[in-house]
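As provided, structure.tsv (TSV, C-alpha atoms) reads as follows.
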chain	number	residue	atom	x	y	z
A	24	MET	CA	51.51	24.14	-38.53
A	25	ILE	CA	52.15	22.25	-41.76
A	26	GLU	CA	55.86	22.16	-40.85
A	27	LEU	CA	55.05	20.37	-37.63
A	28	LEU	CA	52.72	17.92	-39.43
A	29	SER	CA	55.37	17.18	-42.04
A	30	ASN	CA	57.74	16.04	-39.34
A	31	PRO	CA	57.92	12.22	-39.78
A	32	ILE	CA	57.51	11.77	-36.03
A	33	PHE	CA	53.95	13.18	-36.35
A	34	GLY	CA	52.67	10.27	-38.47
A	35	LEU	CA	54.57	7.81	-36.30
A	36	PHE	CA	53.10	9.30	-33.12
A	37	LEU	CA	49.54	9.38	-34.46
A	38	THR	CA	49.77	5.70	-35.49
A	39	LEU	CA	51.33	4.70	-32.17
A	40	ILE	CA	48.89	6.57	-29.98
A	41	CYS	CA	45.76	5.34	-31.82
A	42	GLY	CA	47.11	1.80	-31.96
A	43	SER	CA	48.09	1.65	-28.31
A	44	PHE	CA	44.71	3.06	-27.27
A	45	PHE	CA	42.66	0.42	-29.10
A	46	TRP	CA	44.95	-2.48	-28.15
A	47	TRP	CA	44.71	-1.33	-24.55
A	48	LEU	CA	40.91	-1.09	-24.87
A	49	GLN	CA	40.72	-4.61	-26.30
A	50	GLY	CA	42.92	-5.88	-23.49
A	51	ILE	CA	40.80	-4.48	-20.67
A	52	SER	CA	37.37	-5.08	-22.26
A	53	LYS	CA	37.87	-8.72	-23.38
A	54	PHE	CA	35.59	-8.07	-26.33
A	55	THR	CA	37.23	-10.27	-28.93
A	56	TRP	CA	35.13	-8.75	-31.71
A	57	ILE	CA	36.88	-5.39	-31.27
A	58	SER	CA	39.39	-5.19	-34.06
A	59	PRO	CA	41.99	-2.71	-32.79
A	60	LEU	CA	43.34	-2.58	-36.32
A	61	LEU	CA	40.04	-1.61	-37.95
A	62	PHE	CA	39.23	0.91	-35.20
A	63	SER	CA	42.70	2.51	-35.43
A	64	ILE	CA	42.45	2.86	-39.19
A	65	ALA	CA	38.98	4.43	-38.91
A	66	LEU	CA	40.00	6.88	-36.18
A	67	ILE	CA	43.12	8.03	-38.05
A	68	ILE	CA	41.10	8.56	-41.24
A	69	ILE	CA	38.48	10.55	-39.31
A	70	LEU	CA	41.18	12.68	-37.64
A	71	LEU	CA	43.05	13.37	-40.88
A	72	GLN	CA	39.88	14.34	-42.71
A	73	GLY	CA	38.28	16.23	-39.84
A	74	LEU	CA	41.38	18.32	-39.17
A	75	ASN	CA	42.21	18.73	-42.87
A	76	ILE	CA	45.64	17.14	-42.48
A	77	PRO	CA	47.05	16.13	-45.87
A	78	TYR	CA	47.52	12.36	-46.22
A	79	GLU	CA	51.07	12.97	-47.53
A	80	ALA	CA	52.04	14.57	-44.21
A	81	TYR	CA	50.81	11.52	-42.30
A	82	LYS	CA	52.41	9.11	-44.74
A	83	GLN	CA	55.95	10.35	-44.06
A	84	GLY	CA	55.87	9.03	-40.52
A	85	ALA	CA	53.50	6.14	-41.18
A	86	ASP	CA	56.00	4.71	-43.66
A	87	LEU	CA	58.40	4.17	-40.76
A	88	VAL	CA	55.86	1.69	-39.35
A	89	HIS	CA	54.86	0.28	-42.75
A	90	ASN	CA	58.46	-0.58	-43.65
A	91	PHE	CA	58.52	-3.17	-40.87
A	92	LEU	CA	56.15	-5.42	-42.85
A	93	GLY	CA	59.06	-6.95	-44.78
A	94	PRO	CA	60.95	-8.07	-41.66
A	95	ILE	CA	57.62	-9.24	-40.14
A	96	THR	CA	57.06	-11.53	-43.14
A	97	VAL	CA	60.45	-13.09	-42.37
A	98	ILE	CA	59.38	-13.67	-38.75
A	99	LEU	CA	56.37	-15.76	-39.92
A	100	ALA	CA	58.99	-18.52	-40.26
A	101	VAL	CA	59.00	-18.85	-36.45
A	102	PRO	CA	55.44	-20.23	-35.93
A	103	LEU	CA	55.96	-22.43	-38.97
A	104	TYR	CA	59.13	-23.80	-37.32
A	105	GLU	CA	57.52	-24.17	-33.89
A	106	HIS	CA	54.65	-26.24	-35.33
A	107	ARG	CA	56.78	-28.31	-37.71
A	108	GLU	CA	55.93	-31.57	-35.93
A	109	ASP	CA	52.16	-31.01	-36.21
A	110	LEU	CA	52.76	-30.19	-39.85
A	111	MET	CA	54.74	-33.36	-40.58
A	112	GLN	CA	52.14	-35.51	-38.84
A	113	HIS	CA	49.37	-34.47	-41.22
A	114	LYS	CA	51.45	-33.17	-44.11
A	115	ALA	CA	49.39	-34.56	-47.01
A	116	ALA	CA	46.07	-33.22	-45.70
A	117	ILE	CA	47.54	-29.82	-44.82
A	118	PHE	CA	49.42	-29.33	-48.08
A	119	VAL	CA	46.52	-30.40	-50.28
A	120	GLY	CA	44.10	-28.30	-48.17
A	121	THR	CA	46.13	-25.06	-48.22
A	122	PHE	CA	46.95	-25.61	-51.91
A	123	ALA	CA	43.29	-26.02	-52.87
A	124	GLY	CA	42.15	-23.36	-50.40
A	125	SER	CA	44.44	-20.63	-51.71
A	126	PHE	CA	43.55	-21.51	-55.28
A	127	SER	CA	39.81	-21.40	-54.53
A	128	ALA	CA	40.27	-17.99	-52.85
A	129	LEU	CA	41.81	-16.48	-55.99
A	130	PHE	CA	39.47	-18.33	-58.34
A	131	SER	CA	36.28	-17.41	-56.45
A	132	VAL	CA	37.20	-13.70	-56.34
A	133	PHE	CA	37.94	-13.81	-60.07
A	134	VAL	CA	34.59	-15.46	-60.92
A	135	LEU	CA	32.42	-13.57	-58.39
A	136	GLY	CA	34.08	-10.25	-59.24
A	137	HIS	CA	33.22	-10.74	-62.91
A	138	LEU	CA	29.65	-11.79	-62.03
A	139	PHE	CA	29.24	-8.63	-59.92
A	140	GLY	CA	30.66	-6.54	-62.76
A	141	LEU	CA	33.80	-5.35	-60.95
A	142	SER	CA	36.67	-3.99	-63.04
A	143	ASP	CA	40.04	-5.78	-63.20
A	144	LEU	CA	41.56	-3.19	-60.86
A	145	PHE	CA	39.07	-4.13	-58.12
A	146	ILE	CA	39.27	-7.86	-58.77
A	147	HIS	CA	43.07	-7.70	-58.49
A	148	SER	CA	42.80	-5.67	-55.27
A	149	LEU	CA	40.47	-8.26	-53.71
A	150	MET	CA	42.41	-11.36	-54.79
A	151	PRO	CA	44.85	-11.27	-51.83
A	152	LYS	CA	41.93	-11.12	-49.35
A	153	SER	CA	42.65	-14.48	-47.68
A	154	VAL	CA	46.42	-13.96	-47.53
A	155	THR	CA	47.96	-12.75	-44.27
A	156	THR	CA	48.51	-8.98	-44.48
A	157	PRO	CA	52.32	-8.66	-44.81
A	158	ILE	CA	52.29	-11.20	-47.65
A	159	GLY	CA	48.97	-9.88	-49.00
A	160	ILE	CA	50.52	-6.44	-49.56
A	161	SER	CA	53.24	-8.00	-51.72
A	162	ALA	CA	50.50	-9.89	-53.57
A	163	SER	CA	48.59	-6.66	-54.18
A	164	GLU	CA	51.77	-5.00	-55.49
A	165	ILE	CA	52.43	-7.85	-57.92
A	166	LEU	CA	48.81	-7.57	-59.17
A	167	HIS	CA	49.02	-3.73	-59.42
A	168	GLY	CA	45.99	-3.52	-57.08
A	169	ILE	CA	44.86	-0.72	-54.76
A	170	ILE	CA	46.87	-1.61	-51.65
A	171	GLY	CA	44.54	0.17	-49.19
A	172	LEU	CA	41.56	-1.79	-50.56
A	173	SER	CA	43.50	-5.06	-50.32
A	174	ILE	CA	44.29	-4.40	-46.64
A	175	VAL	CA	40.70	-3.55	-45.75
A	176	SER	CA	39.40	-6.60	-47.65
A	177	ILE	CA	41.93	-8.80	-45.80
A	178	ILE	CA	40.69	-7.50	-42.43
A	179	ILE	CA	36.99	-7.86	-43.39
A	180	THR	CA	37.62	-11.40	-44.66
A	181	GLY	CA	39.35	-12.28	-41.38
A	182	LEU	CA	36.48	-11.01	-39.24
A	183	LEU	CA	33.88	-12.56	-41.55
A	184	GLY	CA	35.70	-15.91	-41.64
A	185	ALA	CA	35.91	-16.15	-37.86
A	186	PHE	CA	32.23	-15.22	-37.62
A	187	ILE	CA	30.81	-17.68	-40.19
A	188	ALA	CA	33.15	-20.60	-39.36
A	189	PRO	CA	30.85	-22.36	-36.84
A	190	MET	CA	27.94	-22.23	-39.32
A	191	VAL	CA	30.02	-23.46	-42.27
A	192	PHE	CA	31.46	-26.33	-40.20
A	193	LYS	CA	27.97	-27.36	-39.14
A	194	ILE	CA	26.31	-27.15	-42.56
A	195	PHE	CA	29.11	-29.03	-44.36
A	196	LYS	CA	29.73	-31.45	-41.45
A	197	ILE	CA	33.42	-30.52	-41.12
A	198	ASN	CA	34.17	-31.92	-37.67
A	199	SER	CA	37.83	-32.90	-37.56
A	200	PRO	CA	39.75	-30.24	-35.58
A	201	ILE	CA	42.59	-30.47	-38.10
A	202	ALA	CA	40.24	-29.61	-40.97
A	203	GLN	CA	38.63	-26.79	-38.99
A	204	GLY	CA	42.04	-25.32	-38.15
A	205	VAL	CA	43.40	-25.48	-41.69
A	206	ALA	CA	40.16	-23.98	-43.04
A	207	LEU	CA	40.26	-21.10	-40.54
A	208	GLY	CA	43.96	-20.30	-41.12
A	209	THR	CA	43.71	-20.54	-44.91
A	210	THR	CA	40.52	-18.46	-45.12
A	211	ALA	CA	40.81	-15.98	-42.27
A	212	HIS	CA	44.58	-15.85	-41.45
A	213	VAL	CA	45.49	-14.38	-38.03
A	214	ILE	CA	41.92	-13.45	-37.02
A	215	GLY	CA	40.72	-16.96	-37.91
A	216	THR	CA	43.54	-18.42	-35.82
A	217	GLY	CA	42.26	-16.56	-32.77
A	218	LYS	CA	38.90	-18.26	-33.35
A	219	ALA	CA	40.61	-21.62	-33.91
A	220	TYR	CA	42.35	-21.44	-30.51
A	221	GLU	CA	38.89	-21.00	-28.96
A	222	ILE	CA	37.88	-24.37	-30.46
A	223	CYS	CA	40.95	-26.35	-29.34
A	224	ARG	CA	44.76	-26.22	-29.13
A	225	ILE	CA	45.43	-28.55	-32.07
A	226	CYS	CA	42.88	-26.59	-34.13
A	227	GLY	CA	44.73	-23.35	-33.29
A	228	ALA	CA	48.15	-24.82	-34.08
A	229	MET	CA	46.88	-26.09	-37.44
A	230	SER	CA	45.40	-22.69	-38.20
A	231	GLY	CA	48.62	-20.91	-37.22
A	232	LEU	CA	50.79	-22.90	-39.55
A	233	SER	CA	48.25	-22.71	-42.39
A	234	ILE	CA	48.61	-18.90	-42.41
A	235	GLY	CA	52.24	-18.92	-43.53
A	236	LEU	CA	51.80	-21.93	-45.76
A	237	ALA	CA	48.71	-20.55	-47.54
A	238	GLY	CA	50.51	-17.20	-47.90
A	239	ILE	CA	53.51	-18.76	-49.62
A	240	ILE	CA	51.36	-20.93	-51.89
A	241	SER	CA	49.09	-17.98	-52.79
A	242	ILE	CA	52.13	-15.99	-53.91
A	243	PHE	CA	53.09	-18.81	-56.27
A	244	TRP	CA	49.54	-18.83	-57.75
A	245	ILE	CA	49.59	-15.02	-58.03
A	246	VAL	CA	53.02	-14.87	-59.68
A	247	LEU	CA	51.78	-17.48	-62.18
A	248	TYR	CA	48.51	-15.58	-62.78
A	249	SER	CA	50.22	-12.20	-63.20
A	250	SER	CA	52.77	-13.63	-65.62
A	251	ILE	CA	49.82	-14.65	-67.84
A	252	VAL	CA	47.72	-11.48	-67.40
A	253	PHE	CA	50.45	-8.82	-67.50
A	254	SER	CA	52.67	-10.23	-70.24
B	4	MET	CA	71.80	-5.24	-26.37
B	5	VAL	CA	69.60	-8.32	-26.81
B	6	ILE	CA	67.09	-6.27	-28.79
B	7	PHE	CA	69.82	-4.81	-31.02
B	8	LYS	CA	71.21	-8.26	-31.66
B	9	GLN	CA	67.83	-9.78	-32.53
B	10	LEU	CA	66.91	-6.84	-34.79
B	11	ASN	CA	70.23	-7.23	-36.60
B	12	ILE	CA	69.53	-10.91	-37.24
B	13	ILE	CA	66.00	-10.28	-38.53
B	14	PHE	CA	67.03	-7.34	-40.73
B	15	ALA	CA	69.95	-9.35	-42.13
B	16	PHE	CA	67.62	-12.18	-43.18
B	17	TYR	CA	65.11	-9.73	-44.64
B	18	LEU	CA	67.71	-7.81	-46.67
B	19	SER	CA	69.30	-11.05	-47.91
B	20	GLY	CA	65.84	-12.08	-49.13
B	21	GLU	CA	65.35	-8.73	-50.87
B	22	GLY	CA	68.82	-9.08	-52.42
B	23	ILE	CA	68.06	-12.52	-53.82
B	24	SER	CA	64.67	-11.27	-55.05
B	25	LEU	CA	66.46	-8.61	-57.17
B	26	LEU	CA	68.45	-11.34	-58.89
B	27	LEU	CA	65.36	-13.38	-59.84
B	28	PRO	CA	64.04	-13.07	-63.41
B	29	PHE	CA	60.43	-12.69	-62.11
B	30	SER	CA	58.94	-10.62	-59.29
B	31	PHE	CA	58.77	-12.51	-55.99
B	32	PRO	CA	58.57	-10.83	-52.57
B	33	GLY	CA	61.95	-10.60	-50.83
B	34	GLY	CA	60.28	-11.00	-47.44
B	35	LEU	CA	59.09	-14.48	-48.39
B	36	ILE	CA	62.59	-15.46	-49.51
B	37	GLY	CA	63.82	-14.16	-46.15
B	38	LEU	CA	61.16	-16.34	-44.46
B	39	MET	CA	62.46	-19.43	-46.25
B	40	LEU	CA	66.08	-18.53	-45.41
B	41	LEU	CA	65.20	-18.08	-41.73
B	42	TYR	CA	63.24	-21.35	-41.67
B	43	SER	CA	66.18	-23.20	-43.22
B	44	ALA	CA	68.64	-21.62	-40.77
B	45	LEU	CA	66.47	-22.75	-37.84
B	46	LEU	CA	66.05	-26.24	-39.28
B	47	LEU	CA	69.81	-26.62	-39.89
B	48	LYS	CA	70.51	-25.29	-36.36
B	49	TRP	CA	72.65	-22.43	-37.70
B	50	LEU	CA	70.38	-20.27	-35.63
B	51	HIS	CA	68.50	-21.12	-32.45
B	52	LEU	CA	64.97	-20.05	-31.67
B	53	GLU	CA	66.22	-18.20	-28.55
B	54	ASP	CA	68.38	-15.95	-30.78
B	55	ILE	CA	65.24	-14.26	-32.15
B	56	LYS	CA	62.53	-15.39	-29.72
B	57	LEU	CA	62.11	-12.11	-27.82
B	58	LEU	CA	61.49	-9.95	-30.88
B	59	SER	CA	59.62	-12.55	-32.90
B	60	ASP	CA	57.11	-13.01	-30.07
B	61	PHE	CA	56.66	-9.24	-29.86
B	62	PHE	CA	56.19	-8.76	-33.60
B	63	ILE	CA	53.77	-11.69	-33.91
B	64	LYS	CA	51.68	-10.53	-30.95
B	65	TYR	CA	51.39	-6.96	-32.24
B	66	MET	CA	51.68	-7.73	-35.95
B	67	ALA	CA	48.35	-6.07	-36.79
B	68	PHE	CA	49.64	-2.73	-35.46
B	69	PHE	CA	52.06	-2.55	-38.38
B	70	PHE	CA	49.15	-2.82	-40.86
B	71	ILE	CA	47.61	0.50	-39.75
B	72	PRO	CA	49.43	2.76	-42.27
B	73	ALA	CA	48.56	0.46	-45.19
B	74	GLY	CA	44.91	0.50	-44.10
B	75	VAL	CA	44.85	4.29	-43.82
B	76	SER	CA	46.14	4.53	-47.40
B	77	ILE	CA	42.60	3.60	-48.50
B	78	ILE	CA	41.64	7.31	-48.18
B	79	SER	CA	43.67	8.13	-51.26
B	80	SER	CA	41.38	5.86	-53.33
B	81	TYR	CA	38.13	6.13	-51.40
B	82	GLY	CA	36.25	7.98	-54.16
B	83	LEU	CA	36.97	5.13	-56.54
B	84	ILE	CA	35.77	2.45	-54.11
B	85	GLU	CA	32.60	4.14	-52.81
B	86	ALA	CA	30.54	3.45	-55.94
B	87	GLN	CA	31.45	-0.27	-55.93
B	88	ILE	CA	30.95	-1.01	-52.26
B	89	ILE	CA	28.03	-3.48	-52.66
B	90	PRO	CA	29.70	-5.73	-55.27
B	91	ILE	CA	32.93	-5.64	-53.21
B	92	ILE	CA	31.21	-6.76	-50.00
B	93	GLY	CA	29.14	-9.36	-51.91
B	94	THR	CA	32.29	-10.85	-53.46
B	95	LEU	CA	34.03	-10.97	-50.07
B	96	ILE	CA	31.14	-12.70	-48.25
B	97	LEU	CA	30.45	-15.37	-50.88
B	98	SER	CA	34.12	-16.05	-51.49
B	99	THR	CA	34.86	-16.41	-47.77
B	100	ILE	CA	32.10	-19.04	-47.35
B	101	PHE	CA	33.31	-20.87	-50.47
B	102	VAL	CA	36.99	-20.99	-49.42
B	103	MET	CA	36.15	-22.07	-45.86
B	104	ALA	CA	33.92	-24.92	-47.13
B	105	VAL	CA	36.32	-26.13	-49.86
B	106	THR	CA	39.38	-26.16	-47.58
B	107	GLY	CA	37.52	-27.73	-44.67
B	108	LEU	CA	35.87	-30.45	-46.77
B	109	ILE	CA	39.11	-31.46	-48.50
B	110	VAL	CA	41.16	-31.67	-45.28
B	111	ASP	CA	38.30	-33.41	-43.44
B	112	PHE	CA	38.07	-36.02	-46.18
B	113	LEU	CA	41.84	-36.64	-46.23
B	114	VAL	CA	42.18	-36.82	-42.44
B	115	LYS	CA	39.26	-39.26	-42.10
B	116	ARG	CA	40.59	-41.44	-44.90
B	117	VAL	CA	43.96	-41.74	-43.14
B	118	GLU	CA	42.25	-42.56	-39.83
B	119	HIS	CA	40.07	-45.13	-41.61
B	120	ASP	CA	43.04	-47.04	-43.08
Could the structure of this file be written out as structure tokens, please?
Amino acid sequence: MIELLSNPIFGLFLTLICGSFFWWLQGISKFTWISPLLFSIALIIILLQGLNIPYEAYKQGADLVHNFLGPITVILAVPLYEHREDLMQHKAAIFVGTFAGSFSALFSVFVLGHLFGLSDLFIHSLMPKSVTTPIGISASEILHGIIGLSIVSIIITGLLGAFIAPMVFKIFKINSPIAQGVALGTTAHVIGTGKAYEICRICGAMSGLSIGLAGIISIFWIVLYSSIVFS
Amino acid sequence: MVIFKQLNIIFAFYLSGEGISLLLPFSFPGGLIGLMLLYSALLLKWLHLEDIKLLSDFFIKYMAFFFIPAGVSIISSYGLIEAQIIPIIGTLILSTIFVMAVTGLIVDFLVKRVEHD
């Protein structure tokens, strides 16, 4: 049995079958709150633990999927290119916003983490939480964080951001669609962008381009931070 | 053949980025360098959007699928995280509200100032 499970195709198949099931379910049910990603992760964990399958056996095949994250980061250039005119039209507001937003994400995790008494390992794992996942994983690696925790915190932040956005916009009187879009993309990456497209097209476009931009800027902040902390 | 061709282009940009990253004196993700190379190539018209459109649309639509393995890796450190779950969730909630408000307020202010002028 263990020989079969150690076959790399096993981990690949398990990932593919769970993923395609939940994406299919989301497609037919129209429940936007269903996160196929979160559900797939949970089901695979339950299956591995319930059937006593060693994580290492799964990992062999799962790495085949995981290794695509590098090329996917490259592809984030495409939405950035497609929305370049929207970007140029409001460049000052967008650059200052994503710059301040990504800094406040790192800074607030640093301060809150210390207030809550988290260790450096946890604080560093949570710091990439607003960064889009393929870039966030690189960020977690640079910070020597727990990559699995970074991923889960990125997903939770995305869901949370999309959920609280209408309240935050109301309380702080943020009514320009450009500001709402940049805030959603910078805070809640891809999941926030889905929410932004529900508000309006320009809001969605702004959110979409803020993802890549905030990701790049965050990496600069993180490289700077880690050169101070780890030297 | 279209898929092969588009994969080759994307992999070539990615590996070039990784290659350049190895030459840098500090650690910087190769994927991001690849992103900047691809963006420049599109901007300079060395490459047309149609040359990668099919695969880039696919990967962007199903991007989250490729995060599954990284998410599952949390089981190897679950014992460590369990005890800290409340402070972790607290940090995430407060920080998300803070970042959303700061970013929104700054952009809102700048956009309205431009419109006012």
Exercise for review: Give the residues of chain A that lie within 6 Å of chain B; count all atoms listed in the file, and format the answer as an NGL selection string.
Suggested key: :A and (64 or 85 or 88-89 or 93-94 or 96-98 or 100 or 116 or 120 or 124 or 127-128 or 131 or 135 or 139 or 171-172 or 174 or 199 or 202-203 or 206 or 210)
Review point. At most 12 Å from (37.5, -26.6, -31.2), file frame, only C-alpha atoms: which residues, as a ChimeraX atom specification?
Key: /A:188-189,192,197-204,207,216-230
Study note, to complete from the structure: Among A:Ala162, A:His106, A:Ser58, A:Ala65, Leu183 in chain A is approached most closely, using all atoms listed in the file, by A:Ser58
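Between CA of Gly168 in chain A and CA of Val213 in chain A the separation is 21.9 Å.
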Point to revise | Separation of CA of Phe122 in chain A from CA of Ala237 in chain A, in Å and rounded to one decimal | key: 6.9 Å
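Near Leu37 in chain A, within a cut-off of 9 Å and counting all atoms listed in the file, sit the residues Ile32, Gly42, Ile67, Tyr81, Gly84 and Ala85 of chain A, with same-chain residues fewer than 5 positions away left out.
From CA of Ser125 in chain A back to CA of Gly159 in chain A, the distance works out to 12.0 Å.
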**Study point:** Residue list as a ChimeraX atom specification for point (46.3, -6.3, -27.0), cut-off 12 Å, only C-alpha atoms
**Key:** /A:42-55,57-60 /B:61,63-68
